[in-house]
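Enquirer: Just dropping this structure here.
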Amino acid sequence: MAATLPSTGIVISGSGLWTPPNVITNAELVASYNAWVEKYNAEHAAEIASGKMEEKPTSSERFIEKASGIKSRFVYTREGILDIDRMRPKFPERKEEELSNQAEIAVYAAREAMAAAGKTAADIDAVIVACAYTQRAYPAIAIEVQNELGIEGFGFDMLLACSAATFGLHRACDSLLAGSAKCVLAVNPELVTPQVNFRDRDSHFIFGDVSTAVILERAETCTSANSYEILGTRALTKYSINIRSNFGHMSYANDVDPFGPDKLFHQSGRKVFEEVSPVAAKHMSDHLASLGLTPKDVRRFWIHQANINMNKRVMKQLLGEEPSEDVAPTILDRYANTASAGSIIAFNLYNGDLKKGDIGVICSFGAGYSVGSLVVRRR
Ligand code: CO8
């Protein structure tokens, strides 16, 4: 490790996590999927027998756990997801005067992060809502969150799929460095189950809902007993159509089914696995080197949580060996893939034991493709 490390002078002074109260296990998900497949195949028995249609294969708990490491996921609501005549969550539409579902979960995590950082609304002057989807186009969810918390200043939404949270932290850090904000609340209300195709065998098991939040400020204003100095941030994007959702405002004018399968999450999972893993490992290695650090100098990696095998591969490429849970904790077994929030959940749950001077890396990777990292040091 270099004797003197560079620093941005910006700190993470607190984080928050809202975990939904509802769980769906792999067994429940597979039972529902397979019941739907059985019904589908029975309804199309004649076309399948004549070769006009292919029989749909069943899903399996064994495959899901082996291929992804996911055992269960938290969901905002279970209602509708396992019902084979619906297979999507049921969210009663709220009145325009009511708090939106996404702002509601953003506020839960935000309040926890503010308490951890010892901040009140009066201390904060910027809100970034960074996540894979926002439930409406405008007004920005961030402005609703700002209003609900009583924060003066400005707020905006930012979409970048799996890297939204880290890129949101980058924007927060840049705003603090530029002096356009003095204390930023960056929130990730990942309400993703409405975009999961629960009738797609390849991806019906991948996602869960969650909300995370982080407070960033200048070191001079930080009073938190548990804070992390940001040594540097690094971002990379490279266009790929291998993870995609075509849902958007153009659907109304496209004369297509606005709820068709391509409007939901879909991916070529194997290609993503092969293409993104080496990029993520190189990204972290290059980022650390630019700061005078090596992967071995890092006490803990809080990395994106999409797939256990992918995480192991990225970390093995980086460290030359598989990391222990202590070095790179896993949360996806119980949370599944929570879009951009995975690395922040890991940070929230597993940072309290680090000692002054310990180095950590927060890193996300996924759709875009995109990779975002922050190298931090415990204060
Ligand atoms: N049950 C049983 N068998 C199955 C199932 C299933 N459910 N699904 C597939 N199989 C079979 C296949 O048919 C195939 O059979 P065969 O060998 O006979 O052809 C076999 O299993 C192997 O299939 P795959 O090669 O596809 O399986 P993998 O080992 O690659 O595992 C994964 C599939 C788990 C999807 C894996 O490829 C993966 O996780 N890849 C990484 C993808 C990733 O991380 N993507 C990130 C996406 S998230 C993101 O960027 C944020 C987007 C915004 C959030 C959206 C929220 C809705």
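Labeling convention for the structure tokens: chains A, B, ... as they appear, residues from 1 per chain, ligands from 1 in order of appearance.
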Could you please extract the residues within 6 Å of ligand 1, counting only C-alpha atoms and all ligand atoms, and hand them back as number ranges by chain?
Expert: A: 59-60, 63-64, 67-68, 132, 161-162, 192-193, 195-196, 201-202, 265, 269-270, 272-273, 306-307, 339, 366-367
Enquirer: Please produce an output containing N, CA and C atoms for each residue in the selection, written as a PDB file, in the first residue's frame.
Expert:
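New file again.pdb:
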ATOM      1  N   SER A  59     -39.457 -25.694 -14.177  1.00  0.00           N
ATOM      2  CA  SER A  59     -38.335 -25.056 -13.477  1.00  0.00           C
ATOM      3  C   SER A  59     -37.926 -25.966 -12.320  1.00  0.00           C
ATOM      4  N   SER A  60     -36.742 -25.726 -11.761  1.00  0.00           N
ATOM      5  CA  SER A  60     -36.325 -26.586 -10.646  1.00  0.00           C
ATOM      6  C   SER A  60     -35.565 -25.804  -9.581  1.00  0.00           C
ATOM      7  N   PHE A  63     -31.789 -26.366  -9.778  1.00  0.00           N
ATOM      8  CA  PHE A  63     -31.109 -25.539 -10.782  1.00  0.00           C
ATOM      9  C   PHE A  63     -30.920 -24.114 -10.257  1.00  0.00           C
ATOM     10  N   ILE A  64     -31.990 -23.562  -9.712  1.00  0.00           N
ATOM     11  CA  ILE A  64     -31.947 -22.157  -9.293  1.00  0.00           C
ATOM     12  C   ILE A  64     -30.839 -21.937  -8.268  1.00  0.00           C
ATOM     13  N   ALA A  67     -27.328 -22.587  -9.981  1.00  0.00           N
ATOM     14  CA  ALA A  67     -26.933 -21.619 -11.019  1.00  0.00           C
ATOM     15  C   ALA A  67     -26.819 -20.199 -10.488  1.00  0.00           C
ATOM     16  N   SER A  68     -27.578 -19.887  -9.413  1.00  0.00           N
ATOM     17  CA  SER A  68     -27.593 -18.476  -8.988  1.00  0.00           C
ATOM     18  C   SER A  68     -27.173 -18.255  -7.526  1.00  0.00           C
ATOM     19  N   ALA A 132     -33.229   1.095 -10.772  1.00  0.00           N
ATOM     20  CA  ALA A 132     -33.403   0.517 -12.111  1.00  0.00           C
ATOM     21  C   ALA A 132     -34.659   1.037 -12.817  1.00  0.00           C
ATOM     22  N   ALA A 161     -29.910   0.906 -14.197  1.00  0.00           N
ATOM     23  CA  ALA A 161     -30.051  -0.523 -13.898  1.00  0.00           C
ATOM     24  C   ALA A 161     -29.189  -0.917 -12.697  1.00  0.00           C
ATOM     25  N   CYS A 162     -28.390  -1.971 -12.869  1.00  0.00           N
ATOM     26  CA  CYS A 162     -27.647  -2.525 -11.728  1.00  0.00           C
ATOM     27  C   CYS A 162     -26.588  -1.600 -11.160  1.00  0.00           C
ATOM     28  N   VAL A 192     -38.578  -3.900  -7.958  1.00  0.00           N
ATOM     29  CA  VAL A 192     -38.355  -4.524  -9.264  1.00  0.00           C
ATOM     30  C   VAL A 192     -39.330  -5.648  -9.609  1.00  0.00           C
ATOM     31  N   THR A 193     -40.010  -6.225  -8.611  1.00  0.00           N
ATOM     32  CA  THR A 193     -40.885  -7.369  -8.942  1.00  0.00           C
ATOM     33  C   THR A 193     -41.973  -7.033  -9.975  1.00  0.00           C
ATOM     34  N   GLN A 195     -41.532  -5.728 -12.687  1.00  0.00           N
ATOM     35  CA  GLN A 195     -40.922  -5.876 -14.015  1.00  0.00           C
ATOM     36  C   GLN A 195     -40.374  -7.282 -14.250  1.00  0.00           C
ATOM     37  N   VAL A 196     -40.624  -8.197 -13.311  1.00  0.00           N
ATOM     38  CA  VAL A 196     -40.145  -9.575 -13.489  1.00  0.00           C
ATOM     39  C   VAL A 196     -41.179 -10.358 -14.289  1.00  0.00           C
ATOM     40  N   ARG A 201     -38.932 -18.938 -17.549  1.00  0.00           N
ATOM     41  CA  ARG A 201     -38.161 -19.925 -16.758  1.00  0.00           C
ATOM     42  C   ARG A 201     -36.737 -19.454 -16.478  1.00  0.00           C
ATOM     43  N   ASP A 202     -36.157 -18.717 -17.451  1.00  0.00           N
ATOM     44  CA  ASP A 202     -34.760 -18.279 -17.311  1.00  0.00           C
ATOM     45  C   ASP A 202     -34.568 -17.204 -16.251  1.00  0.00           C
ATOM     46  N   PHE A 265     -38.121  -7.404 -17.841  1.00  0.00           N
ATOM     47  CA  PHE A 265     -36.696  -7.760 -17.801  1.00  0.00           C
ATOM     48  C   PHE A 265     -36.458  -9.024 -18.629  1.00  0.00           C
ATOM     49  N   GLY A 269     -28.434 -14.542 -20.099  1.00  0.00           N
ATOM     50  CA  GLY A 269     -27.698 -14.646 -18.831  1.00  0.00           C
ATOM     51  C   GLY A 269     -26.285 -15.181 -18.971  1.00  0.00           C
ATOM     52  N   ARG A 270     -26.121 -16.184 -19.796  1.00  0.00           N
ATOM     53  CA  ARG A 270     -24.804 -16.804 -19.964  1.00  0.00           C
ATOM     54  C   ARG A 270     -23.806 -15.804 -20.574  1.00  0.00           C
ATOM     55  N   VAL A 272     -24.004 -12.555 -20.431  1.00  0.00           N
ATOM     56  CA  VAL A 272     -23.725 -11.521 -19.425  1.00  0.00           C
ATOM     57  C   VAL A 272     -22.644 -12.030 -18.480  1.00  0.00           C
ATOM     58  N   PHE A 273     -22.845 -13.247 -18.026  1.00  0.00           N
ATOM     59  CA  PHE A 273     -21.904 -13.897 -17.116  1.00  0.00           C
ATOM     60  C   PHE A 273     -20.476 -13.870 -17.702  1.00  0.00           C
ATOM     61  N   ALA A 306     -25.685 -10.459  -8.027  1.00  0.00           N
ATOM     62  CA  ALA A 306     -26.598 -10.960  -9.053  1.00  0.00           C
ATOM     63  C   ALA A 306     -26.551 -12.475  -9.115  1.00  0.00           C
ATOM     64  N   ASN A 307     -25.383 -13.024  -8.935  1.00  0.00           N
ATOM     65  CA  ASN A 307     -25.204 -14.451  -9.137  1.00  0.00           C
ATOM     66  C   ASN A 307     -23.970 -14.891  -8.359  1.00  0.00           C
ATOM     67  N   ALA A 339     -31.346  -5.543  -8.168  1.00  0.00           N
ATOM     68  CA  ALA A 339     -30.884  -4.532  -9.126  1.00  0.00           C
ATOM     69  C   ALA A 339     -29.671  -3.811  -8.534  1.00  0.00           C
ATOM     70  N   GLY A 366     -23.431  -4.662 -14.258  1.00  0.00           N
ATOM     71  CA  GLY A 366     -24.663  -5.226 -14.826  1.00  0.00           C
ATOM     72  C   GLY A 366     -25.082  -4.549 -16.101  1.00  0.00           C
ATOM     73  N   ALA A 367     -26.399  -4.379 -16.246  1.00  0.00           N
ATOM     74  CA  ALA A 367     -26.980  -3.900 -17.505  1.00  0.00           C
ATOM     75  C   ALA A 367     -26.347  -2.589 -17.930  1.00  0.00           C
TER      76      ALA A 367
END
Enquirer: Which residues are near Arg218 of chain A? Cut-off 7 Å, only C-alpha atoms, ignore same chain within fewer than 4 positions. Put them as a VMD selection string.
Expert: chain A and resid 9 to 11 176 182 222
Enquirer: Could the residues in this selection be written to a file with N, CA and C atoms, as a PDB file, in the first residue's frame?
Expert:
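The result, written out as selection_11.pdb:
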ATOM      1  N   GLY A   9     -11.896  13.726   0.252  1.00  0.00           N
ATOM      2  CA  GLY A   9     -12.368  14.591   1.341  1.00  0.00           C
ATOM      3  C   GLY A   9     -13.863  14.454   1.581  1.00  0.00           C
ATOM      4  N   ILE A  10     -14.490  13.538   0.835  1.00  0.00           N
ATOM      5  CA  ILE A  10     -15.933  13.290   0.977  1.00  0.00           C
ATOM      6  C   ILE A  10     -16.107  11.988   1.748  1.00  0.00           C
ATOM      7  N   VAL A  11     -17.111  11.938   2.619  1.00  0.00           N
ATOM      8  CA  VAL A  11     -17.307  10.721   3.413  1.00  0.00           C
ATOM      9  C   VAL A  11     -18.723  10.173   3.278  1.00  0.00           C
ATOM     10  N   LEU A 176     -20.707  17.246  -4.082  1.00  0.00           N
ATOM     11  CA  LEU A 176     -20.063  17.741  -2.859  1.00  0.00           C
ATOM     12  C   LEU A 176     -18.707  18.366  -3.184  1.00  0.00           C
ATOM     13  N   LYS A 182     -24.098  20.309   0.084  1.00  0.00           N
ATOM     14  CA  LYS A 182     -23.248  20.148   1.282  1.00  0.00           C
ATOM     15  C   LYS A 182     -23.494  18.822   1.993  1.00  0.00           C
ATOM     16  N   CYS A 222     -18.867  15.909   9.170  1.00  0.00           N
ATOM     17  CA  CYS A 222     -19.266  14.571   9.624  1.00  0.00           C
ATOM     18  C   CYS A 222     -19.108  14.412  11.140  1.00  0.00           C
TER      19      CYS A 222
END
Enquirer: Pick out the residues sitting within 7 Å of Ser15 of chain A, and hand them over as a list in words; count only C-alpha atoms, and ignore anything fewer than 6 positions along from it in its own chain.
Expert: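 In the requested form, the answer reads Glu112, Ala113, Ala116, Ala213, Val214, Ile215 and Asn348 of chain A.
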Enquirer: Could those residues be written to a file, using C-alpha atoms, as a PDB file, in the first residue's frame?
Expert:
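The new file result-v2.pdb reads:
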ATOM      1  CA  GLU A 112     -32.455   4.926   8.814  1.00  0.00           C
ATOM      2  CA  ALA A 113     -29.478   6.385   6.925  1.00  0.00           C
ATOM      3  CA  ALA A 116     -27.026   6.521  11.316  1.00  0.00           C
ATOM      4  CA  ALA A 213     -29.922   4.742   1.314  1.00  0.00           C
ATOM      5  CA  VAL A 214     -26.581   6.451   1.927  1.00  0.00           C
ATOM      6  CA  ILE A 215     -25.658   9.877   3.340  1.00  0.00           C
ATOM      7  CA  ASN A 348     -24.986  -1.758   5.246  1.00  0.00           C
TER       8      ASN A 348
END
Enquirer: Quick one: residues within 7 Å of segment 236-248 of chain A, only C-alpha atoms counted, chain neighbours fewer than 6 positions away excluded, as a PyMOL selection string?
Expert: chain A and resi 262-268+272+367-372
Enquirer: Give me, please, the distance in Å between atom CA of Ala346 of chain A and atom CA of Val298 of chain A, quoted to one decimal.
Expert: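 Between atom CA of Ala346 of chain A and atom CA of Val298 of chain A the gap is 15.3 Å.
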Enquirer: From the set A:Ser290, A:Ser72, A:Thr134, A:Asn337, which residue has the shortest atom-to-atom contact distance to Phe156 of chain A, counting only C-alpha atoms?
Expert: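 Of the candidates, the smallest distance to Phe156 of chain A is held by A:Thr134.
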Enquirer: Would you work out the distance separating atom CA of Ser211 of chain A from atom CA of Pro295 of chain A, expressed in Å to one decimal?
Expert: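 Calculated distance between atom CA of Ser211 of chain A and atom CA of Pro295 of chain A is 28.9 Å.
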Enquirer: Between A:Ile70, A:Met310, A:Ala341, A:Ala103, which has the minimum distance to Cys131 of chain A (counting only C-alpha atoms)?
Expert: A:Ala341
Enquirer: What lies within 9 Å of Leu349 of chain A using only C-alpha atoms, ignoring chain neighbours under 5 positions off, as a list in words?
Expert: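 The residues that qualify are Leu17, Ile331 and Ile344 of chain A.
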Enquirer: Could you pull the residues within 10 Å of Arg313 of chain A, counting only C-alpha atoms, minus those fewer than 3 positions along the same chain, as a VMD selection string?
Expert: chain A and resid 273 to 274 277 to 278 281 307 to 310 316 to 323
Enquirer: Taking N, CA and C atoms for each residue, export the selection above as a PDB file, in the first residue's frame.
Expert:
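Saved as selection-v1.pdb:
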ATOM      1  N   PHE A 273     -22.845 -13.247 -18.026  1.00  0.00           N
ATOM      2  CA  PHE A 273     -21.904 -13.897 -17.116  1.00  0.00           C
ATOM      3  C   PHE A 273     -20.476 -13.870 -17.702  1.00  0.00           C
ATOM      4  N   GLU A 274     -20.365 -14.315 -18.945  1.00  0.00           N
ATOM      5  CA  GLU A 274     -19.044 -14.428 -19.581  1.00  0.00           C
ATOM      6  C   GLU A 274     -18.426 -13.064 -19.858  1.00  0.00           C
ATOM      7  N   SER A 277     -17.988 -10.500 -16.204  1.00  0.00           N
ATOM      8  CA  SER A 277     -17.069 -10.895 -15.109  1.00  0.00           C
ATOM      9  C   SER A 277     -15.652 -10.327 -15.278  1.00  0.00           C
ATOM     10  N   PRO A 278     -14.991 -10.557 -16.451  1.00  0.00           N
ATOM     11  CA  PRO A 278     -13.616 -10.036 -16.560  1.00  0.00           C
ATOM     12  C   PRO A 278     -13.548  -8.515 -16.533  1.00  0.00           C
ATOM     13  N   ALA A 281     -13.742  -7.418 -12.857  1.00  0.00           N
ATOM     14  CA  ALA A 281     -12.482  -7.691 -12.136  1.00  0.00           C
ATOM     15  C   ALA A 281     -11.403  -6.690 -12.540  1.00  0.00           C
ATOM     16  N   ASN A 307     -25.383 -13.024  -8.935  1.00  0.00           N
ATOM     17  CA  ASN A 307     -25.204 -14.451  -9.137  1.00  0.00           C
ATOM     18  C   ASN A 307     -23.970 -14.891  -8.359  1.00  0.00           C
ATOM     19  N   ILE A 308     -24.106 -15.924  -7.529  1.00  0.00           N
ATOM     20  CA  ILE A 308     -23.001 -16.341  -6.659  1.00  0.00           C
ATOM     21  C   ILE A 308     -21.787 -16.811  -7.467  1.00  0.00           C
ATOM     22  N   ASN A 309     -22.060 -17.508  -8.584  1.00  0.00           N
ATOM     23  CA  ASN A 309     -20.939 -18.021  -9.381  1.00  0.00           C
ATOM     24  C   ASN A 309     -20.185 -16.875 -10.062  1.00  0.00           C
ATOM     25  N   MET A 310     -20.967 -15.881 -10.487  1.00  0.00           N
ATOM     26  CA  MET A 310     -20.353 -14.711 -11.128  1.00  0.00           C
ATOM     27  C   MET A 310     -19.510 -13.942 -10.105  1.00  0.00           C
ATOM     28  N   LYS A 316     -12.267 -14.213  -7.863  1.00  0.00           N
ATOM     29  CA  LYS A 316     -11.117 -15.099  -8.108  1.00  0.00           C
ATOM     30  C   LYS A 316     -10.178 -14.468  -9.134  1.00  0.00           C
ATOM     31  N   GLN A 317     -10.769 -13.839 -10.162  1.00  0.00           N
ATOM     32  CA  GLN A 317      -9.931 -13.166 -11.156  1.00  0.00           C
ATOM     33  C   GLN A 317      -9.165 -12.011 -10.510  1.00  0.00           C
ATOM     34  N   LEU A 318      -9.779 -11.388  -9.540  1.00  0.00           N
ATOM     35  CA  LEU A 318      -9.171 -10.222  -8.894  1.00  0.00           C
ATOM     36  C   LEU A 318      -8.101 -10.618  -7.879  1.00  0.00           C
ATOM     37  N   LEU A 319      -8.420 -11.626  -7.044  1.00  0.00           N
ATOM     38  CA  LEU A 319      -7.539 -11.975  -5.926  1.00  0.00           C
ATOM     39  C   LEU A 319      -6.644 -13.186  -6.196  1.00  0.00           C
ATOM     40  N   GLY A 320      -6.977 -13.936  -7.257  1.00  0.00           N
ATOM     41  CA  GLY A 320      -6.227 -15.161  -7.544  1.00  0.00           C
ATOM     42  C   GLY A 320      -6.723 -16.340  -6.724  1.00  0.00           C
ATOM     43  N   GLU A 321      -7.722 -16.105  -5.893  1.00  0.00           N
ATOM     44  CA  GLU A 321      -8.314 -17.194  -5.089  1.00  0.00           C
ATOM     45  C   GLU A 321      -9.739 -16.792  -4.728  1.00  0.00           C
ATOM     46  N   GLU A 322     -10.532 -17.780  -4.343  1.00  0.00           N
ATOM     47  CA  GLU A 322     -11.901 -17.456  -3.930  1.00  0.00           C
ATOM     48  C   GLU A 322     -11.874 -16.751  -2.584  1.00  0.00           C
ATOM     49  N   PRO A 323     -12.603 -15.664  -2.432  1.00  0.00           N
ATOM     50  CA  PRO A 323     -12.545 -14.945  -1.164  1.00  0.00           C
ATOM     51  C   PRO A 323     -13.401 -15.622  -0.105  1.00  0.00           C
TER      52      PRO A 323
END
Enquirer: Could you work out how far atom CA of Gln135 of chain A lies from atom CA of Leu159 of chain A, giving the answer in Å with one decimal?
Expert: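 Between these atoms lies a distance of 11.5 Å.
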